[in-house]
$ cat work-v2.cif   # mmCIF, C-alpha atoms
data_target
loop_
_atom_site.label_atom_id
_atom_site.label_comp_id
_atom_site.auth_asym_id
_atom_site.auth_seq_id
_atom_site.Cartn_x
_atom_site.Cartn_y
_atom_site.Cartn_z
CA MET F 3 -11.45 79.49 128.58
CA ILE F 4 -10.23 79.71 132.19
CA ARG F 5 -7.28 77.41 133.00
CA LYS F 6 -5.54 76.88 136.34
CA LEU F 7 -1.82 76.18 136.00
CA LYS F 8 -1.44 76.08 139.79
CA GLU F 9 -4.05 75.53 142.49
CA GLY F 10 -4.00 76.18 146.22
CA ILE F 11 -4.92 74.16 149.27
CA ASP F 12 -7.99 71.93 149.22
CA GLY F 13 -11.14 73.65 150.51
CA ASP F 14 -11.90 70.85 153.02
CA VAL F 15 -8.46 71.23 154.59
CA ALA F 16 -8.97 74.98 154.94
CA ALA F 17 -12.39 74.43 156.55
CA ASP F 18 -10.89 71.97 159.04
CA ASN F 19 -8.23 74.51 159.96
CA ASP F 20 -10.93 77.15 160.52
CA ALA F 21 -12.83 74.82 162.86
CA LYS F 22 -9.74 74.26 164.98
CA VAL F 23 -9.18 78.01 165.24
CA ARG F 24 -12.79 78.55 166.36
CA GLY F 25 -12.45 76.14 169.25
CA ILE F 26 -9.21 77.63 170.52
CA VAL F 27 -10.58 81.17 170.37
CA GLU F 28 -13.79 80.25 172.20
CA GLY F 29 -11.77 78.85 175.07
CA ILE F 30 -9.50 81.88 175.41
CA LEU F 31 -12.39 84.36 175.34
CA ALA F 32 -14.29 82.37 177.97
CA GLU F 33 -11.24 82.45 180.25
CA ILE F 34 -10.83 86.21 179.82
CA GLU F 35 -14.50 86.81 180.57
CA GLN F 36 -14.34 84.69 183.72
CA ARG F 37 -10.93 85.60 185.10
CA GLY F 38 -10.10 89.01 183.60
CA ASP F 39 -6.57 90.29 184.15
CA ALA F 40 -5.29 86.96 185.45
CA ALA F 41 -6.24 85.17 182.23
CA VAL F 42 -4.84 87.96 180.03
CA GLN F 43 -1.54 87.86 181.94
CA GLU F 44 -1.31 84.10 181.60
CA TYR F 45 -1.93 84.17 177.86
CA ALA F 46 0.47 87.10 177.45
CA ALA F 47 3.16 85.00 179.12
CA LYS F 48 2.27 81.87 177.13
CA PHE F 49 1.88 83.35 173.65
CA ASP F 50 3.76 86.66 173.81
CA GLY F 51 6.59 85.81 176.20
CA TRP F 52 5.55 88.84 178.26
CA ALA F 53 5.70 87.66 181.87
CA GLY F 54 5.99 89.69 185.05
CA GLU F 55 5.63 93.02 183.24
CA PRO F 56 2.72 95.50 183.36
CA LEU F 57 0.43 95.30 180.35
CA ARG F 58 -0.18 99.05 180.20
CA LEU F 59 2.85 101.09 179.20
CA SER F 60 3.78 104.05 181.37
CA ARG F 61 4.95 107.38 179.99
CA GLU F 62 8.47 106.34 180.97
CA HIS F 63 8.18 103.14 178.89
CA ILE F 64 6.98 105.14 175.90
CA ASP F 65 9.64 107.85 176.18
CA ALA F 66 12.34 105.20 176.41
CA CYS F 67 11.15 103.82 173.06
CA TYR F 68 11.69 107.23 171.45
CA GLU F 69 15.25 107.23 172.77
CA ARG F 70 15.95 103.88 171.12
CA LEU F 71 14.91 105.02 167.64
CA ASP F 72 16.99 106.66 164.96
CA PRO F 73 15.57 110.16 164.24
CA GLN F 74 15.09 109.11 160.60
CA VAL F 75 12.69 106.36 161.68
CA ILE F 76 10.66 108.86 163.70
CA ASP F 77 10.57 111.21 160.69
CA ASP F 78 9.45 108.38 158.43
CA ILE F 79 6.67 107.43 160.86
CA ARG F 80 5.58 111.06 160.96
CA PHE F 81 5.53 111.19 157.12
CA ALA F 82 3.38 108.06 156.89
CA GLN F 83 0.95 109.31 159.53
CA GLU F 84 0.62 112.66 157.78
CA GLN F 85 -0.37 110.89 154.54
CA VAL F 86 -2.90 108.66 156.27
CA GLY F 87 -4.28 111.58 158.27
CA ASN F 88 -4.55 113.85 155.23
CA PHE F 89 -6.58 111.32 153.26
CA ALA F 90 -8.74 110.50 156.29
CA ARG F 91 -9.55 114.20 156.71
CA ILE F 92 -10.56 114.44 153.06
CA GLN F 93 -12.85 111.44 153.56
CA ARG F 94 -14.25 112.93 156.80
CA GLU F 95 -15.13 116.15 154.99
CA ALA F 96 -17.17 114.11 152.52
CA LEU F 97 -19.47 113.02 155.38
CA GLN F 98 -21.91 115.85 155.83
CA ASP F 99 -24.72 116.28 158.34
CA VAL F 100 -28.02 116.93 156.56
CA GLU F 101 -31.32 118.54 157.50
CA VAL F 102 -34.12 119.07 155.02
CA GLU F 103 -37.83 119.91 155.01
CA THR F 104 -39.30 117.03 153.00
CA LEU F 105 -42.95 118.16 153.35
CA PRO F 106 -44.37 121.37 154.86
CA GLY F 107 -43.47 121.18 158.55
CA VAL F 108 -41.62 117.83 158.28
CA VAL F 109 -37.90 118.21 158.98
CA LEU F 110 -35.65 115.14 158.61
CA GLY F 111 -31.95 114.97 159.16
CA HIS F 112 -28.96 112.93 160.13
CA LYS F 113 -25.88 113.59 162.21
CA ASN F 114 -22.49 111.91 161.85
CA ILE F 115 -21.45 110.99 165.39
CA PRO F 116 -18.06 109.41 166.25
CA VAL F 117 -17.97 106.19 168.24
CA ASN F 118 -17.02 106.97 171.85
CA SER F 119 -14.26 104.40 172.37
CA VAL F 120 -12.19 102.19 170.09
CA GLY F 121 -9.65 99.45 170.63
CA CYS F 122 -6.97 99.31 167.94
CA TYR F 123 -5.07 96.07 167.43
CA VAL F 124 -1.57 96.43 165.95
CA PRO F 125 -0.19 93.01 164.94
CA GLY F 126 3.41 92.16 165.67
CA GLY F 127 4.00 88.45 166.16
CA LYS F 128 6.01 87.62 163.04
CA TYR F 129 6.72 91.22 162.03
CA PRO F 130 6.21 94.47 163.97
CA LEU F 131 3.44 95.98 161.84
CA VAL F 132 4.20 99.60 162.66
CA ALA F 133 1.96 100.83 159.85
CA SER F 134 -1.16 99.35 161.44
CA ALA F 135 -0.87 102.00 164.16
CA HIS F 136 -1.24 104.71 161.52
CA MET F 137 -4.16 103.03 159.84
CA SER F 138 -6.26 102.52 162.96
CA VAL F 139 -5.26 105.11 165.56
CA VAL F 140 -4.72 108.07 163.21
CA THR F 141 -7.98 107.38 161.37
CA ALA F 142 -9.94 107.06 164.61
CA LYS F 143 -8.43 110.33 165.82
CA VAL F 144 -9.46 112.15 162.65
CA ALA F 145 -12.98 110.75 163.06
CA GLY F 146 -13.20 112.32 166.52
CA VAL F 147 -13.18 109.20 168.72
CA LYS F 148 -12.84 110.32 172.36
CA ARG F 149 -10.96 107.32 173.79
CA ILE F 150 -8.54 105.26 171.74
CA ILE F 151 -6.61 102.37 173.20
CA ALA F 152 -4.01 100.39 171.30
CA CYS F 153 -2.59 96.91 171.85
CA ALA F 154 0.46 95.33 170.26
CA PRO F 155 2.36 92.20 171.26
CA PRO F 156 6.04 92.31 172.14
CA PHE F 157 8.39 91.45 169.29
CA GLN F 158 10.86 88.69 170.12
CA GLY F 159 10.09 89.06 173.80
CA GLU F 160 10.44 92.82 174.19
CA LEU F 161 8.73 96.08 173.32
CA ASN F 162 9.16 97.07 169.71
CA PRO F 163 10.13 100.75 169.97
CA ALA F 164 8.93 101.72 166.49
CA THR F 165 5.47 100.25 167.12
CA VAL F 166 5.15 101.94 170.51
CA VAL F 167 6.29 105.30 169.13
CA ALA F 168 3.89 104.99 166.18
CA MET F 169 0.94 104.30 168.50
CA ASP F 170 1.90 107.24 170.69
CA MET F 171 2.50 109.66 167.80
CA ALA F 172 -0.83 108.60 166.27
CA GLY F 173 -2.64 109.71 169.43
CA ALA F 174 -3.49 106.56 171.40
CA ASP F 175 -4.73 107.43 174.91
CA GLU F 176 -3.71 104.06 176.40
CA ILE F 177 -1.07 101.65 175.09
CA TYR F 178 -0.86 98.00 176.15
CA CYS F 179 1.77 95.37 175.43
CA VAL F 180 -0.46 92.38 174.72
CA GLY F 181 -1.26 90.53 171.52
CA GLY F 182 -3.52 88.06 169.80
CA VAL F 183 -6.88 86.84 171.07
CA GLN F 184 -6.04 87.98 174.59
CA ALA F 185 -5.65 91.57 173.35
CA VAL F 186 -8.90 91.85 171.43
CA GLY F 187 -10.70 89.87 174.13
CA ALA F 188 -9.51 92.21 176.88
CA MET F 189 -10.44 95.32 174.89
CA ALA F 190 -13.91 94.02 174.03
CA LEU F 191 -14.84 92.30 177.29
CA GLY F 192 -12.95 94.52 179.71
CA THR F 193 -10.92 93.44 182.73
CA GLU F 194 -10.13 94.89 186.13
CA THR F 195 -7.58 97.25 184.56
CA ILE F 196 -8.74 97.59 180.95
CA ASP F 197 -12.10 99.27 180.43
CA SER F 198 -14.02 97.77 177.53
CA VAL F 199 -14.42 99.64 174.25
CA ASP F 200 -17.35 100.10 171.88
CA MET F 201 -15.51 98.97 168.76
CA LEU F 202 -12.53 96.84 167.70
CA VAL F 203 -10.42 97.59 164.63
CA GLY F 204 -7.22 96.37 163.07
CA PRO F 205 -5.90 93.39 161.08
CA GLY F 206 -4.51 90.17 162.48
CA ASN F 207 -3.98 86.48 161.93
CA ALA F 208 -6.70 83.84 161.71
CA PHE F 209 -7.07 83.75 165.51
CA VAL F 210 -7.54 87.51 165.80
CA ALA F 211 -10.04 87.52 162.92
CA GLU F 212 -12.00 84.69 164.56
CA ALA F 213 -11.97 86.48 167.94
CA LYS F 214 -13.42 89.59 166.30
CA ARG F 215 -16.09 87.44 164.64
CA GLN F 216 -17.09 85.90 167.97
CA LEU F 217 -17.09 89.27 169.75
CA PHE F 218 -19.09 91.07 167.08
CA GLY F 219 -22.40 92.14 168.57
CA ARG F 220 -20.97 92.82 171.99
CA VAL F 221 -18.81 95.39 170.26
CA GLY F 222 -18.65 96.73 166.76
CA ILE F 223 -15.83 95.73 164.44
CA ASP F 224 -14.34 97.29 161.35
CA LEU F 225 -14.44 94.12 159.25
CA PHE F 226 -13.13 90.57 159.18
CA ALA F 227 -9.47 91.09 158.30
CA GLY F 228 -7.78 87.72 158.32
CA PRO F 229 -4.63 86.49 156.56
CA THR F 230 -3.41 88.80 153.81
CA GLU F 231 -4.55 88.09 150.25
CA THR F 232 -3.14 89.44 147.01
CA LEU F 233 -4.26 89.12 143.40
CA VAL F 234 -1.98 90.24 140.58
CA ILE F 235 -3.84 90.89 137.32
CA ALA F 236 -1.31 91.19 134.51
CA ASP F 237 -0.82 90.90 130.77
CA ASP F 238 2.25 90.87 128.54
CA THR F 239 3.00 94.54 129.19
CA VAL F 240 4.92 93.41 132.29
CA ASP F 241 7.36 90.59 133.04
CA GLY F 242 7.51 87.61 135.34
CA GLU F 243 10.11 89.13 137.63
CA LEU F 244 7.81 92.04 138.55
CA CYS F 245 4.79 89.76 139.02
CA ALA F 246 6.75 87.33 141.19
CA THR F 247 8.05 90.17 143.34
CA ASP F 248 4.53 91.47 143.94
CA LEU F 249 3.19 88.00 144.73
CA LEU F 250 5.93 87.11 147.23
CA GLY F 251 5.82 90.61 148.72
CA GLN F 252 2.42 89.74 150.19
CA ALA F 253 2.87 85.98 150.61
CA GLU F 254 5.52 86.73 153.24
CA HIS F 255 2.77 87.94 155.60
CA GLY F 256 2.03 84.39 156.69
CA PRO F 257 2.06 80.74 155.63
CA ASN F 258 -1.67 80.88 154.84
CA SER F 259 -1.64 84.09 152.77
CA PRO F 260 -3.10 83.47 149.29
CA ALA F 261 -1.16 84.97 146.37
CA ILE F 262 -2.78 84.62 142.96
CA LEU F 263 -1.67 85.52 139.44
CA LEU F 264 -4.47 86.14 136.94
CA THR F 265 -3.34 86.70 133.37
CA ASN F 266 -4.27 86.31 129.71
CA SER F 267 -0.69 85.34 128.82
CA GLU F 268 0.41 81.75 129.44
CA ALA F 269 3.99 82.78 128.68
CA LEU F 270 3.83 85.37 131.49
CA ALA F 271 2.23 82.80 133.80
CA ARG F 272 5.04 80.29 133.31
CA ASP F 273 7.72 82.97 133.51
CA THR F 274 6.23 84.20 136.79
CA MET F 275 6.19 80.71 138.31
CA ALA F 276 9.84 80.25 137.37
CA GLN F 277 10.71 83.68 138.79
CA VAL F 278 8.94 82.86 142.07
CA GLU F 279 11.13 79.78 142.53
CA GLU F 280 14.23 81.79 141.65
CA GLN F 281 13.42 84.63 144.08
CA LEU F 282 12.65 82.18 146.89
CA LYS F 283 16.31 81.12 146.77
CA THR F 284 17.41 84.53 148.08
CA LEU F 285 14.37 86.13 149.75
CA ALA F 286 15.01 86.60 153.47
CA THR F 287 11.41 85.64 154.28
CA ALA F 288 11.39 82.66 151.91
CA GLU F 289 10.44 80.16 154.60
CA ILE F 290 7.07 81.86 155.17
CA ALA F 291 6.50 83.15 151.64
CA GLY F 292 7.46 79.81 150.12
CA GLN F 293 4.99 77.87 152.25
CA ALA F 294 2.23 80.36 151.42
CA TRP F 295 2.99 80.05 147.71
CA ARG F 296 3.14 76.24 147.76
CA GLU F 297 -0.10 75.81 149.73
CA TYR F 298 -2.20 78.84 148.78
CA GLY F 299 -0.67 80.22 145.58
CA GLN F 300 -2.61 80.02 142.33
CA VAL F 301 -1.93 80.81 138.68
CA ILE F 302 -4.97 81.32 136.46
CA VAL F 303 -4.86 81.92 132.70
CA CYS F 304 -7.79 83.46 130.82
CA ASP F 305 -8.41 84.30 127.19
CA SER F 306 -9.71 87.84 127.60
CA TYR F 307 -10.08 90.83 129.91
CA GLU F 308 -13.74 89.90 130.30
CA GLU F 309 -12.82 86.46 131.68
CA MET F 310 -10.18 88.01 133.92
CA LEU F 311 -12.78 90.42 135.29
CA GLN F 312 -15.20 87.57 135.96
CA VAL F 313 -12.57 85.57 137.87
CA ALA F 314 -11.30 88.62 139.77
CA ASP F 315 -14.79 89.45 141.04
CA GLU F 316 -15.33 85.81 142.06
CA ILE F 317 -12.08 85.84 144.05
CA GLY F 318 -12.88 89.22 145.70
CA SER F 319 -9.30 89.63 146.86
CA GLU F 320 -8.14 91.99 149.59
CA HIS F 321 -5.39 93.53 147.41
CA VAL F 322 -5.60 93.69 143.64
CA GLN F 323 -2.51 94.78 141.70
CA VAL F 324 -3.46 95.61 138.09
CA MET F 325 -0.62 95.72 135.54
CA THR F 326 -2.27 95.66 132.12
CA LYS F 327 -2.50 97.78 128.99
CA ASP F 328 -5.71 99.33 130.32
CA PRO F 329 -5.83 99.20 134.14
CA ASN F 330 -8.81 101.56 134.14
CA TYR F 331 -10.91 98.77 132.61
CA PHE F 332 -10.72 97.01 135.97
CA LEU F 333 -11.23 100.24 137.93
CA ASP F 334 -14.39 100.93 135.94
CA ASN F 335 -15.78 97.40 136.03
CA MET F 336 -14.59 95.49 139.08
CA THR F 337 -17.00 95.37 142.02
CA ASN F 338 -15.38 93.03 144.57
CA TYR F 339 -12.00 94.07 145.98
CA GLY F 340 -10.47 95.62 149.06
CA ALA F 341 -8.13 98.05 147.30
CA LEU F 342 -6.88 98.48 143.73
CA PHE F 343 -3.29 99.32 142.82
CA LEU F 344 -3.34 100.54 139.24
CA GLY F 345 -0.31 100.22 137.00
CA PRO F 346 3.22 98.92 137.58
CA GLU F 347 4.22 102.26 139.11
CA THR F 348 2.35 101.46 142.32
CA ASN F 349 2.15 98.31 144.42
CA VAL F 350 0.50 96.89 147.53
CA SER F 351 3.50 97.75 149.70
CA TYR F 352 2.90 101.48 149.10
CA GLY F 353 -0.66 101.13 150.36
CA ASP F 354 0.47 98.96 153.26
CA LYS F 355 2.99 101.47 154.55
CA CYS F 356 2.70 105.11 153.64
CA VAL F 357 0.86 106.31 150.53
CA GLY F 358 -2.23 107.34 152.54
CA THR F 359 -5.01 104.86 151.82
CA ASN F 360 -5.87 102.44 154.62
CA HIS F 361 -4.37 98.95 154.67
CA THR F 362 -6.99 97.25 156.85
CA LEU F 363 -9.07 95.60 154.15
CA PRO F 364 -11.68 92.84 153.71
CA THR F 365 -10.54 89.24 153.23
CA LYS F 366 -12.23 85.88 152.56
CA LYS F 367 -14.62 87.40 150.02
CA ALA F 368 -15.92 90.02 152.47
CA SER F 369 -15.30 92.57 149.70
CA ARG F 370 -18.66 91.41 148.30
CA TYR F 371 -20.37 93.51 150.99
CA THR F 372 -17.85 95.89 152.56
CA GLY F 373 -14.90 98.09 151.81
CA GLY F 374 -11.91 98.55 154.08
CA LEU F 375 -11.29 100.54 157.21
CA TRP F 376 -11.75 104.28 156.70
CA VAL F 377 -12.79 107.27 158.74
CA GLY F 378 -16.46 106.50 158.11
CA LYS F 379 -16.19 103.19 159.96
CA PHE F 380 -15.75 105.17 163.18
CA ILE F 381 -18.82 107.30 162.45
CA LYS F 382 -22.45 106.50 163.27
CA THR F 383 -24.89 108.19 160.91
CA CYS F 384 -27.94 108.76 163.13
CA THR F 385 -31.25 110.15 161.91
CA TYR F 386 -33.73 112.49 163.60
CA GLN F 387 -37.08 114.09 162.78
CA ARG F 388 -38.96 117.19 163.83
CA LEU F 389 -42.60 118.01 162.90
CA THR F 390 -44.94 120.93 163.34
CA GLU F 391 -48.42 120.30 164.77
CA ASP F 392 -49.96 120.71 161.33
CA ALA F 393 -47.47 118.24 159.82
CA SER F 394 -48.08 115.75 162.63
CA HIS F 395 -51.84 115.89 161.95
CA HIS F 396 -51.19 115.29 158.24
CA ILE F 397 -48.62 112.47 158.58
CA GLY F 398 -50.56 110.89 161.43
CA GLN F 399 -53.52 110.05 159.24
CA TYR F 400 -51.34 108.06 156.83
CA CYS F 401 -49.54 106.40 159.72
CA SER F 402 -52.80 105.39 161.41
CA ARG F 403 -54.13 103.67 158.31
CA LEU F 404 -50.83 101.90 157.63
CA CYS F 405 -50.68 100.65 161.23
CA ALA F 406 -54.18 99.24 160.84
CA VAL F 407 -53.07 97.32 157.75
CA GLU F 408 -50.34 95.66 159.83
CA GLY F 409 -52.48 95.11 162.91
CA PHE F 410 -50.32 97.27 165.18
CA ALA F 411 -52.94 98.76 167.51
CA GLY F 412 -50.44 100.44 169.82
CA HIS F 413 -48.62 102.06 166.93
CA GLN F 414 -51.96 103.24 165.53
CA ALA F 415 -52.87 104.77 168.90
CA GLN F 416 -49.66 106.82 168.87
CA ALA F 417 -50.73 108.34 165.57
CA ASP F 418 -54.42 108.68 166.43
CA ILE F 419 -53.89 110.67 169.64
CA ARG F 420 -51.91 113.26 167.75
CA VAL F 421 -54.33 113.43 164.83
CA LYS F 422 -57.15 114.05 167.31
CA ARG F 423 -55.34 116.58 169.53
CA TYR F 424 -53.77 118.64 166.80
CA GLY F 425 -56.85 118.41 164.59
CA GLU F 426 -58.99 119.89 167.38
CA LYS F 427 -56.42 122.55 168.16
CA LEU F 428 -56.04 123.57 164.54
CA GLY F 429 -59.76 123.28 163.75
CA LYS F 430 -59.38 120.45 161.28
#

$ encode --input "work-v2.cif" --output "structure tokens"
Amino acid sequence: MIRKLKEGIDGDVAADNDAKVRGIVEGILAEIEQRGDAAVQEYAAKFDGWAGEPLRLSREHIDACYERLDPQVIDDIRFAQEQVGNFARIQREALQDVEVETLPGVVLGHKNIPVNSVGCYVPGGKYPLVASAHMSVVTAKVAGVKRIIACAPPFQGELNPATVVAMDMAGADEIYCVGGVQAVGAMALGTETIDSVDMLVGPGNAFVAEAKRQLFGRVGIDLFAGPTETLVIADDTVDGELCATDLLGQAEHGPNSPAILLTNSEALARDTMAQVEEQLKTLATAEIAGQAWREYGQVIVCDSYEEMLQVADEIGSEHVQVMTKDPNYFLDNMTNYGALFLGPETNVSYGDKCVGTNHTLPTKKASRYTGGLWVGKFIKTCTYQRLTEDASHHIGQYCSRLCAVEGFAGHQAQADIRVKRYGEKLGK
């Protein structure tokens, strides 16, 4: 039996919040489309506190950020980007062009072609998400994208040097100090000074996720990456302190970040809830994490692994931390998740920052139909065909008859002219 010891916010309240976000985003995007740079500058001043400064960073701005950083921070950024880049290259090598003769004289193939231009959003309103520069810019670079621009908001009213350095080290061709809807809107729609891109990538808050949803079609997007979600699947092989730490470690992302414990041990469930309250007394980010836990946190108790699997797939969480006797059971059987973190030895923070897998992952049940950002998201797999005259005569006869079945006279004529010409030429 599945029992909920703690439930999150009412679904109607969440839907009302989403509707409010939609309206705000529509208005901002319309202003950017109509007024370009002027609108972006106004919203940058209003929301980012970035007034009277150029949006695009000069080489001097960027170099000054290096000077402000401890060499250890630069080394740590380099380490993280090497891990992300190494795994992205391994993934890229798995994408092979193909060409095969499927019938005599019929050659079919596909080529893996990088997107030409990408806009990478690096969040930084509440926290400077330095790692998002690695995940988007480095991965796009490995994919072979020709033009990569990156946007990040100022942090507490000024450039965050670690974020700027990370975007530069990752290989961004243009770096802009602008955040939120105005950033993704400018990159997608273009302004007088920012040329539009073909694709938007990167995580963000509910407003950024909604802007990407509204812009999808004009540009490609990686996925809908809204507020962070985490699901901890645990049994009595671990303790409440560890579970609480992993729940709050992701709840601190934002006040609307769901954090869910799924367990087959009621004792662990109650211990975890007590540990959450205890840790909130001392956690530096308790104001945000505590609100997220109160409004979006859940604790679900099941009787078996099978029930836990059923619930986990229904939730389809962005991050799934598995700390059970047999974590491979969930690896082998789960189908809806953004990323799995198997065993107590790993955790979501490793994936977020530096282990090498990408941290831009599907939220709001999008894991039912997509995985996270990876090198393949920047690649278009495009097919082609090549036929000999003899093969065209052969295939054309099938095509002609099938076109007739559908009533497509023009399509049929395309086939018939070739059947006739090549048949006469080849004496058939």

$ atom_distance --input "work-v2.cif" --atom1 "atom CA of Asp354 of chain F" --atom2 "atom CA of Val140 of chain F"
14.5 Å

$ closest_residue --input "work-v2.cif" --among "F:Ser402, F:Ile4, F:Val377, F:Val166" --to "Glu268 of chain F" --atoms "all atoms listed in the file"
F:Ile4

$ atom_distance --input "work-v2.cif" --atom1 "atom CA of Ala185 of chain F" --atom2 "atom CA of Thr362 of chain F"
17.5 Å

$ atom_distance --input "work-v2.cif" --atom1 "atom CA of Asn330 of chain F" --atom2 "atom CA of Leu244 of chain F"
19.7 Å

$ closest_residue --input "work-v2.cif" --among "F:Ser394, F:Gln281, F:Asn258, F:Ser138" --to "Pro125 of chain F" --atoms "only C-alpha atoms"
F:Ser138

$ residues_around --input "work-v2.cif" --residues "segment 115-119 of chain F" --least-positions-apart "6" --cutoff "7 Å" --atoms "only C-alpha atoms" --output "count of residues only"
13

$ resolve_selection --input "work-v2.cif" --expression "the PyMOL selection byres ((chain F and resi 92-98) around 8)" --output "PyMOL selection string"
chain F and resi 88-91+99-100+113-114+144-145+376-378

$ axis_aligned_box --input "work-v2.cif" --around "segment 208-215 of chain F" --padding-each-side "5 Å" --output "AutoDock Vina command-line options"
--center_x -11.4 --center_y 86.7 --center_z 164.8 --size_x 19.4 --size_y 15.8 --size_z 16.2

$ closest_residue --input "work-v2.cif" --among "F:Pro260, F:Pro205, F:Gly219, F:Gly429" --to "Met137 of chain F" --atoms "all atoms listed in the file"
F:Pro205
